[in-house]
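Engineer: Can you read through this structure? Questions will come right after.
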Amino acid sequence: MFGPGLSAVVSLVPNTFTFAWIVAILFAASWLLDSRRLAAGRSLAAGTWALFGLFWLTTVPYFALEHQSYVESILALVGVPACTYAGYLLYDGRASLFTLTRAIAIMLFIYLPFETIPAFSIAGVAFPEPRQILIEAVATQTGFLIDLLGYAPERVISSEGYDAAYAWTLADGHTVTIHVVLACTGLGSMAIFGGLVAAVQAPLSRKLRALAVSIPLIYVLNILRTTFISVVAGNQYMQWQTDLVLAMFGATDPYRVSFLISDRIMSQLLAVVALIAITFLAVRELPELAVILEDVLYLLTGEEHDLTESLDLPREPTNR
């Protein structure tokens, strides 16, 4: 996938989650330095943005080859130049990007504990992995909706060893097992909104309203998504253009076609649309978010945008 030189560079970076923790800590350190009016904060933040771009580059093989996701592969590729450009702009004096820098740090501190904290014991009391608690809760709620729809797959142990998978037996005797993993919990999207809301300077009441219209909606939509994928893939309802779909994703198992269509194509594209809609709802409650969104649009288009005017947002004080 990479040339020899680039492959050598990528091979030197830490594993994915160690790399992400390094980025989170460096972003937080630059935030602290900037809050104390130290010039080193801008230089550290700019350098960390470039590092964040390298992080996204290292995730491309996983998204493309293992996760088989066109949407996430494209977003990771876009993230490489976008992060590098953000670092350049920040170093060049676009101070508003410090708000986005704070947001990224908070997002990572919300998300990474669920990926990296293992099970542990204190005073003889065993505590499961945080990811296990969240995954099994989503699996339970997904199973509840599946039952309401009149289906009865067998709940089994997932590939991670959790009680978080559903086995569907087809008419031909083949069993299709759908696993609930951390990516199925909506944690990533909730971390994004949590980071954005926490990063801006605004009254707590408006921040809470923004979280109230975003986090519950993300969670509910996500449960509907996992139910949809499980029912469709478990019953092979979308066995469309089997050979073409297998070729598109480099897959060989025809029983995965319904899953690939329902999850990797339909659900991921609809998730992007849903996040845009939820962002609009959140920014209506917390207009200060417009500053971050304007910076993101500038990174993508190279043009300035006035979202307060375009979206007719309330003229609340912002953190410019």
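Every chain in the structure tokens has a letter given in the order shown (A, B, ...), and although residue numbers restart at 1 in each chain, ligands are simply numbered from 1 in the order shown.
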Pick out the residues sitting within 10 Å of Trp21 of chain A, and hand them over as a list in words; count only C-alpha atoms, and ignore anything fewer than 2 positions along from it in its own chain.

Structural biologist: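 So the residues in contact are Thr16, Phe17, Thr18, Phe19, Val23, Ala24, Ile25, Leu26, Phe27, Ala105, Leu108, Phe109, Leu112, Pro113 and Thr116 of chain A.
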
Engineer: Could you give me the residues within segment 160-269 of chain A that DSSP places in strand (DSSP E or B), as an NGL selection string?

Structural biologist: :A and (165-169 or 175-179)

Engineer: Write out, as a PDB file, in the first residue's frame, the residues just selected, with all heavy atoms.

Structural biologist:
```pdb
ATOM      1  N   ALA A 165     -22.962 -10.943  20.941  1.00  0.00           N
ATOM      2  CA  ALA A 165     -23.097 -11.350  19.534  1.00  0.00           C
ATOM      3  C   ALA A 165     -24.411 -12.101  19.369  1.00  0.00           C
ATOM      4  O   ALA A 165     -24.955 -12.659  20.335  1.00  0.00           O
ATOM      5  CB  ALA A 165     -21.923 -12.224  19.108  1.00  0.00           C
ATOM      6  N   TYR A 166     -24.916 -12.095  18.139  1.00  0.00           N
ATOM      7  CA  TYR A 166     -26.165 -12.797  17.830  1.00  0.00           C
ATOM      8  C   TYR A 166     -25.942 -13.749  16.665  1.00  0.00           C
ATOM      9  O   TYR A 166     -25.430 -13.352  15.611  1.00  0.00           O
ATOM     10  CB  TYR A 166     -27.277 -11.791  17.508  1.00  0.00           C
ATOM     11  CG  TYR A 166     -27.733 -11.034  18.733  1.00  0.00           C
ATOM     12  CD1 TYR A 166     -27.171  -9.792  19.052  1.00  0.00           C
ATOM     13  CD2 TYR A 166     -28.666 -11.582  19.603  1.00  0.00           C
ATOM     14  CE1 TYR A 166     -27.552  -9.114  20.208  1.00  0.00           C
ATOM     15  CE2 TYR A 166     -29.047 -10.908  20.761  1.00  0.00           C
ATOM     16  CZ  TYR A 166     -28.492  -9.683  21.057  1.00  0.00           C
ATOM     17  OH  TYR A 166     -28.860  -9.018  22.207  1.00  0.00           O
ATOM     18  N   ALA A 167     -26.310 -14.997  16.887  1.00  0.00           N
ATOM     19  CA  ALA A 167     -26.145 -16.030  15.866  1.00  0.00           C
ATOM     20  C   ALA A 167     -27.489 -16.290  15.188  1.00  0.00           C
ATOM     21  O   ALA A 167     -28.474 -16.631  15.853  1.00  0.00           O
ATOM     22  CB  ALA A 167     -25.607 -17.311  16.495  1.00  0.00           C
ATOM     23  N   TRP A 168     -27.513 -16.107  13.880  1.00  0.00           N
ATOM     24  CA  TRP A 168     -28.716 -16.309  13.082  1.00  0.00           C
ATOM     25  C   TRP A 168     -28.534 -17.570  12.235  1.00  0.00           C
ATOM     26  O   TRP A 168     -27.578 -17.671  11.474  1.00  0.00           O
ATOM     27  CB  TRP A 168     -28.952 -15.116  12.164  1.00  0.00           C
ATOM     28  CG  TRP A 168     -29.100 -13.801  12.865  1.00  0.00           C
ATOM     29  CD1 TRP A 168     -28.110 -13.057  13.444  1.00  0.00           C
ATOM     30  CD2 TRP A 168     -30.308 -13.068  13.046  1.00  0.00           C
ATOM     31  NE1 TRP A 168     -28.630 -11.908  13.980  1.00  0.00           N
ATOM     32  CE2 TRP A 168     -29.974 -11.875  13.749  1.00  0.00           C
ATOM     33  CE3 TRP A 168     -31.638 -13.281  12.675  1.00  0.00           C
ATOM     34  CZ2 TRP A 168     -30.921 -10.913  14.090  1.00  0.00           C
ATOM     35  CZ3 TRP A 168     -32.576 -12.324  13.021  1.00  0.00           C
ATOM     36  CH2 TRP A 168     -32.230 -11.161  13.715  1.00  0.00           C
ATOM     37  N   THR A 169     -29.450 -18.517  12.366  1.00  0.00           N
ATOM     38  CA  THR A 169     -29.383 -19.748  11.587  1.00  0.00           C
ATOM     39  C   THR A 169     -30.291 -19.635  10.373  1.00  0.00           C
ATOM     40  O   THR A 169     -31.501 -19.402  10.507  1.00  0.00           O
ATOM     41  CB  THR A 169     -29.791 -20.962  12.436  1.00  0.00           C
ATOM     42  OG1 THR A 169     -28.929 -21.048  13.583  1.00  0.00           O
ATOM     43  CG2 THR A 169     -29.670 -22.248  11.619  1.00  0.00           C
ATOM     44  N   THR A 175     -24.890 -20.594   9.728  1.00  0.00           N
ATOM     45  CA  THR A 175     -25.064 -19.644  10.822  1.00  0.00           C
ATOM     46  C   THR A 175     -24.292 -18.358  10.540  1.00  0.00           C
ATOM     47  O   THR A 175     -23.096 -18.395  10.245  1.00  0.00           O
ATOM     48  CB  THR A 175     -24.575 -20.241  12.157  1.00  0.00           C
ATOM     49  OG1 THR A 175     -25.359 -21.402  12.470  1.00  0.00           O
ATOM     50  CG2 THR A 175     -24.723 -19.227  13.284  1.00  0.00           C
ATOM     51  N   VAL A 176     -24.992 -17.253  10.608  1.00  0.00           N
ATOM     52  CA  VAL A 176     -24.368 -15.932  10.456  1.00  0.00           C
ATOM     53  C   VAL A 176     -24.318 -15.285  11.834  1.00  0.00           C
ATOM     54  O   VAL A 176     -25.357 -15.114  12.478  1.00  0.00           O
ATOM     55  CB  VAL A 176     -25.170 -15.036   9.484  1.00  0.00           C
ATOM     56  CG1 VAL A 176     -24.571 -13.631   9.433  1.00  0.00           C
ATOM     57  CG2 VAL A 176     -25.204 -15.651   8.091  1.00  0.00           C
ATOM     58  N   THR A 177     -23.132 -14.940  12.284  1.00  0.00           N
ATOM     59  CA  THR A 177     -22.971 -14.338  13.603  1.00  0.00           C
ATOM     60  C   THR A 177     -22.620 -12.861  13.455  1.00  0.00           C
ATOM     61  O   THR A 177     -21.663 -12.504  12.771  1.00  0.00           O
ATOM     62  CB  THR A 177     -21.876 -15.055  14.410  1.00  0.00           C
ATOM     63  OG1 THR A 177     -22.191 -16.447  14.517  1.00  0.00           O
ATOM     64  CG2 THR A 177     -21.769 -14.456  15.817  1.00  0.00           C
ATOM     65  N   ILE A 178     -23.408 -12.009  14.089  1.00  0.00           N
ATOM     66  CA  ILE A 178     -23.189 -10.571  14.061  1.00  0.00           C
ATOM     67  C   ILE A 178     -22.647 -10.145  15.429  1.00  0.00           C
ATOM     68  O   ILE A 178     -23.306 -10.318  16.448  1.00  0.00           O
ATOM     69  CB  ILE A 178     -24.489  -9.807  13.749  1.00  0.00           C
ATOM     70  CG1 ILE A 178     -25.139 -10.363  12.479  1.00  0.00           C
ATOM     71  CG2 ILE A 178     -24.210  -8.317  13.624  1.00  0.00           C
ATOM     72  CD1 ILE A 178     -24.274 -10.245  11.241  1.00  0.00           C
ATOM     73  N   HIS A 179     -21.453  -9.571  15.429  1.00  0.00           N
ATOM     74  CA  HIS A 179     -20.780  -9.186  16.662  1.00  0.00           C
ATOM     75  C   HIS A 179     -20.975  -7.694  16.932  1.00  0.00           C
ATOM     76  O   HIS A 179     -20.841  -6.870  16.022  1.00  0.00           O
ATOM     77  CB  HIS A 179     -19.278  -9.472  16.569  1.00  0.00           C
ATOM     78  CG  HIS A 179     -18.955 -10.908  16.274  1.00  0.00           C
ATOM     79  ND1 HIS A 179     -18.661 -11.817  17.263  1.00  0.00           N
ATOM     80  CD2 HIS A 179     -18.895 -11.588  15.101  1.00  0.00           C
ATOM     81  CE1 HIS A 179     -18.418 -13.004  16.720  1.00  0.00           C
ATOM     82  NE2 HIS A 179     -18.562 -12.885  15.407  1.00  0.00           N
TER      83      HIS A 179
END
```

Engineer: Go through A:Ser214, A:Ser30, A:Ser230, A:Thr84 one by one, measure the shortest atom-to-atom distance of each to Gly53 of chain A using only C-alpha atoms, and give the residue with the smallest value.

Structural biologist: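 Closest to Gly53 of chain A of all the choices is A:Thr84.
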
Engineer: Could you state the separation of atom CA of Thr140 of chain A and atom CA of His67 of chain A in Å, given to one decimal place?

Structural biologist: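 That distance, rounded to one decimal, is 23.7 Å.
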
Engineer: Taking a cut-off of 10 Å and counting only C-alpha atoms, can you build a table that, for each residue of segment 207-262 of chain A near segment 183-201 of chain A, reports the nearest atom pair and how far apart they are in Å (one decimal), sorted by chain then residue number, as CSV?

Structural biologist:
```
residue,atom,partner,partner_atom,distance
A:Lys207,CA,A:Val197,CA,6.0
A:Leu208,CA,A:Val197,CA,8.5
A:Arg209,CA,A:Val197,CA,10.0
A:Ala210,CA,A:Val197,CA,7.2
A:Leu211,CA,A:Gly194,CA,7.2
A:Ser214,CA,A:Phe193,CA,7.2
A:Ile215,CA,A:Met190,CA,5.7
A:Pro216,CA,A:Met190,CA,8.9
A:Leu217,CA,A:Met190,CA,9.6
A:Ile218,CA,A:Gly186,CA,6.7
A:Tyr219,CA,A:Gly186,CA,6.2
A:Val220,CA,A:Gly186,CA,9.2
A:Leu221,CA,A:Gly186,CA,8.7
A:Asn222,CA,A:Gly186,CA,5.8
A:Ile223,CA,A:Thr185,CA,7.7
A:Arg225,CA,A:Cys184,CA,8.4
A:Thr226,CA,A:Cys184,CA,6.6
```

Engineer: Within 12 Å of Leu51 of chain A, counting only C-alpha atoms, which residues show up once you throw out same-chain ones fewer than 4 positions away? Write them as a compact mmCIF listing (two decimals) with C-alpha atoms, in the first residue's frame, please.

Structural biologist:
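Once written, selection.txt looks like this:
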```txt
# COMPACT_ATOMS: atom_id res chain seq x y z
CA VAL A 10 5.15 4.29 9.24
CA VAL A 13 5.45 4.98 14.82
CA PRO A 14 3.94 3.45 17.97
CA PHE A 19 0.09 6.96 19.28
CA ALA A 20 -3.37 8.38 20.01
CA TRP A 21 -2.52 8.84 23.71
CA ILE A 22 0.68 10.69 22.76
CA VAL A 23 -1.32 13.02 20.52
CA ALA A 24 -3.92 13.61 23.25
CA LEU A 26 0.64 16.76 23.54
CA PHE A 27 -2.56 18.57 22.54
CA LEU A 44 3.69 22.49 20.24
CA ALA A 45 0.11 22.55 18.99
CA ALA A 46 1.23 23.07 15.39
CA GLY A 47 3.70 20.19 15.60
CA PHE A 55 -1.63 9.16 12.97
CA TRP A 56 -4.47 9.18 10.42
CA LEU A 57 -2.08 7.97 7.74
CA THR A 58 -1.20 4.91 9.83
CA GLY A 79 -7.37 13.83 7.64
CA VAL A 80 -3.69 13.66 6.64
CA PRO A 81 -3.45 16.94 4.67
CA ALA A 82 -6.20 18.59 6.74
CA CYS A 83 -4.31 18.09 10.01
CA THR A 84 -1.02 19.20 8.47
CA TYR A 85 -2.70 22.32 7.10
CA ALA A 86 -4.31 23.03 10.48
CA GLY A 87 -0.88 22.93 12.10
```

Engineer: Mind dumping a table of every segment 44-110 of chain A residue within 12 Å of segment 251-255 of chain A, with the nearest atom pair and its distance in Å to one decimal, using only C-alpha atoms, sorted by chain and rising number, as a Markdown table?

Structural biologist:
```
| residue | atom | partner | partner_atom | distance |
| --- | --- | --- | --- | --- |
| A:Ala64 | CA | A:Ala251 | CA | 11.9 |
| A:Leu65 | CA | A:Ala251 | CA | 9.9 |
| A:Glu66 | CA | A:Ala251 | CA | 10.4 |
| A:His67 | CA | A:Ala251 | CA | 11.1 |
| A:Gln68 | CA | A:Ala251 | CA | 8.7 |
| A:Ser69 | CA | A:Ala251 | CA | 11.9 |
```

Engineer: How would the residues just picked look written out with all heavy atoms as a PDB file, in the first residue's frame?

Structural biologist:
```
ATOM      1  N   ALA A  64      -8.996   0.356   5.325  1.00  0.00           N
ATOM      2  CA  ALA A  64      -9.154  -0.115   3.954  1.00  0.00           C
ATOM      3  C   ALA A  64      -9.113  -1.635   3.846  1.00  0.00           C
ATOM      4  O   ALA A  64      -9.936  -2.237   3.136  1.00  0.00           O
ATOM      5  CB  ALA A  64      -8.078   0.500   3.066  1.00  0.00           C
ATOM      6  N   LEU A  65      -8.175  -2.263   4.547  1.00  0.00           N
ATOM      7  CA  LEU A  65      -7.947  -3.701   4.351  1.00  0.00           C
ATOM      8  C   LEU A  65      -8.626  -4.576   5.397  1.00  0.00           C
ATOM      9  O   LEU A  65      -9.160  -5.638   5.058  1.00  0.00           O
ATOM     10  CB  LEU A  65      -6.444  -3.982   4.345  1.00  0.00           C
ATOM     11  CG  LEU A  65      -5.629  -3.196   3.305  1.00  0.00           C
ATOM     12  CD1 LEU A  65      -4.146  -3.518   3.430  1.00  0.00           C
ATOM     13  CD2 LEU A  65      -6.130  -3.497   1.903  1.00  0.00           C
ATOM     14  N   GLU A  66      -8.593  -4.165   6.649  1.00  0.00           N
ATOM     15  CA  GLU A  66      -9.185  -4.997   7.697  1.00  0.00           C
ATOM     16  C   GLU A  66     -10.649  -4.639   7.953  1.00  0.00           C
ATOM     17  O   GLU A  66     -11.512  -5.505   7.995  1.00  0.00           O
ATOM     18  CB  GLU A  66      -8.381  -4.858   8.997  1.00  0.00           C
ATOM     19  CG  GLU A  66      -6.963  -5.401   8.900  1.00  0.00           C
ATOM     20  CD  GLU A  66      -6.236  -5.325  10.223  1.00  0.00           C
ATOM     21  OE1 GLU A  66      -6.858  -5.662  11.258  1.00  0.00           O
ATOM     22  OE2 GLU A  66      -5.061  -4.926  10.236  1.00  0.00           O
ATOM     23  N   HIS A  67     -10.918  -3.356   8.130  1.00  0.00           N
ATOM     24  CA  HIS A  67     -12.291  -2.921   8.430  1.00  0.00           C
ATOM     25  C   HIS A  67     -13.156  -2.860   7.170  1.00  0.00           C
ATOM     26  O   HIS A  67     -14.378  -2.824   7.272  1.00  0.00           O
ATOM     27  CB  HIS A  67     -12.246  -1.560   9.117  1.00  0.00           C
ATOM     28  CG  HIS A  67     -13.471  -1.243   9.907  1.00  0.00           C
ATOM     29  ND1 HIS A  67     -13.991  -2.078  10.872  1.00  0.00           N
ATOM     30  CD2 HIS A  67     -14.300  -0.164   9.882  1.00  0.00           C
ATOM     31  CE1 HIS A  67     -15.064  -1.533  11.410  1.00  0.00           C
ATOM     32  NE2 HIS A  67     -15.281  -0.380  10.825  1.00  0.00           N
ATOM     33  N   GLN A  68     -12.520  -2.813   6.009  1.00  0.00           N
ATOM     34  CA  GLN A  68     -13.214  -2.799   4.713  1.00  0.00           C
ATOM     35  C   GLN A  68     -14.258  -1.682   4.640  1.00  0.00           C
ATOM     36  O   GLN A  68     -15.399  -1.902   4.273  1.00  0.00           O
ATOM     37  CB  GLN A  68     -13.877  -4.161   4.446  1.00  0.00           C
ATOM     38  CG  GLN A  68     -12.881  -5.314   4.336  1.00  0.00           C
ATOM     39  CD  GLN A  68     -13.567  -6.654   4.148  1.00  0.00           C
ATOM     40  OE1 GLN A  68     -14.526  -6.976   4.848  1.00  0.00           O
ATOM     41  NE2 GLN A  68     -13.085  -7.435   3.201  1.00  0.00           N
ATOM     42  N   SER A  69     -13.805  -0.477   4.981  1.00  0.00           N
ATOM     43  CA  SER A  69     -14.714   0.668   4.975  1.00  0.00           C
ATOM     44  C   SER A  69     -14.196   1.745   4.035  1.00  0.00           C
ATOM     45  O   SER A  69     -13.154   2.360   4.298  1.00  0.00           O
ATOM     46  CB  SER A  69     -14.865   1.245   6.392  1.00  0.00           C
ATOM     47  OG  SER A  69     -15.545   2.482   6.363  1.00  0.00           O
TER      48      SER A  69
END
```

Engineer: Which residue, A:Gly161, A:Ala274, A:Val60, A:Ser121, has the smallest gap to Glu72 of chain A when you use only C-alpha atoms?

Structural biologist: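 Smallest distance to Glu72 of chain A is found for A:Val60.
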
Engineer: Kindly indicate which residue among A:Leu300, A:Ala29, A:Ala103, A:Ala40 lies nearest to Tyr91 of chain A, using only C-alpha atoms for the distances.

Structural biologist: A:Ala40
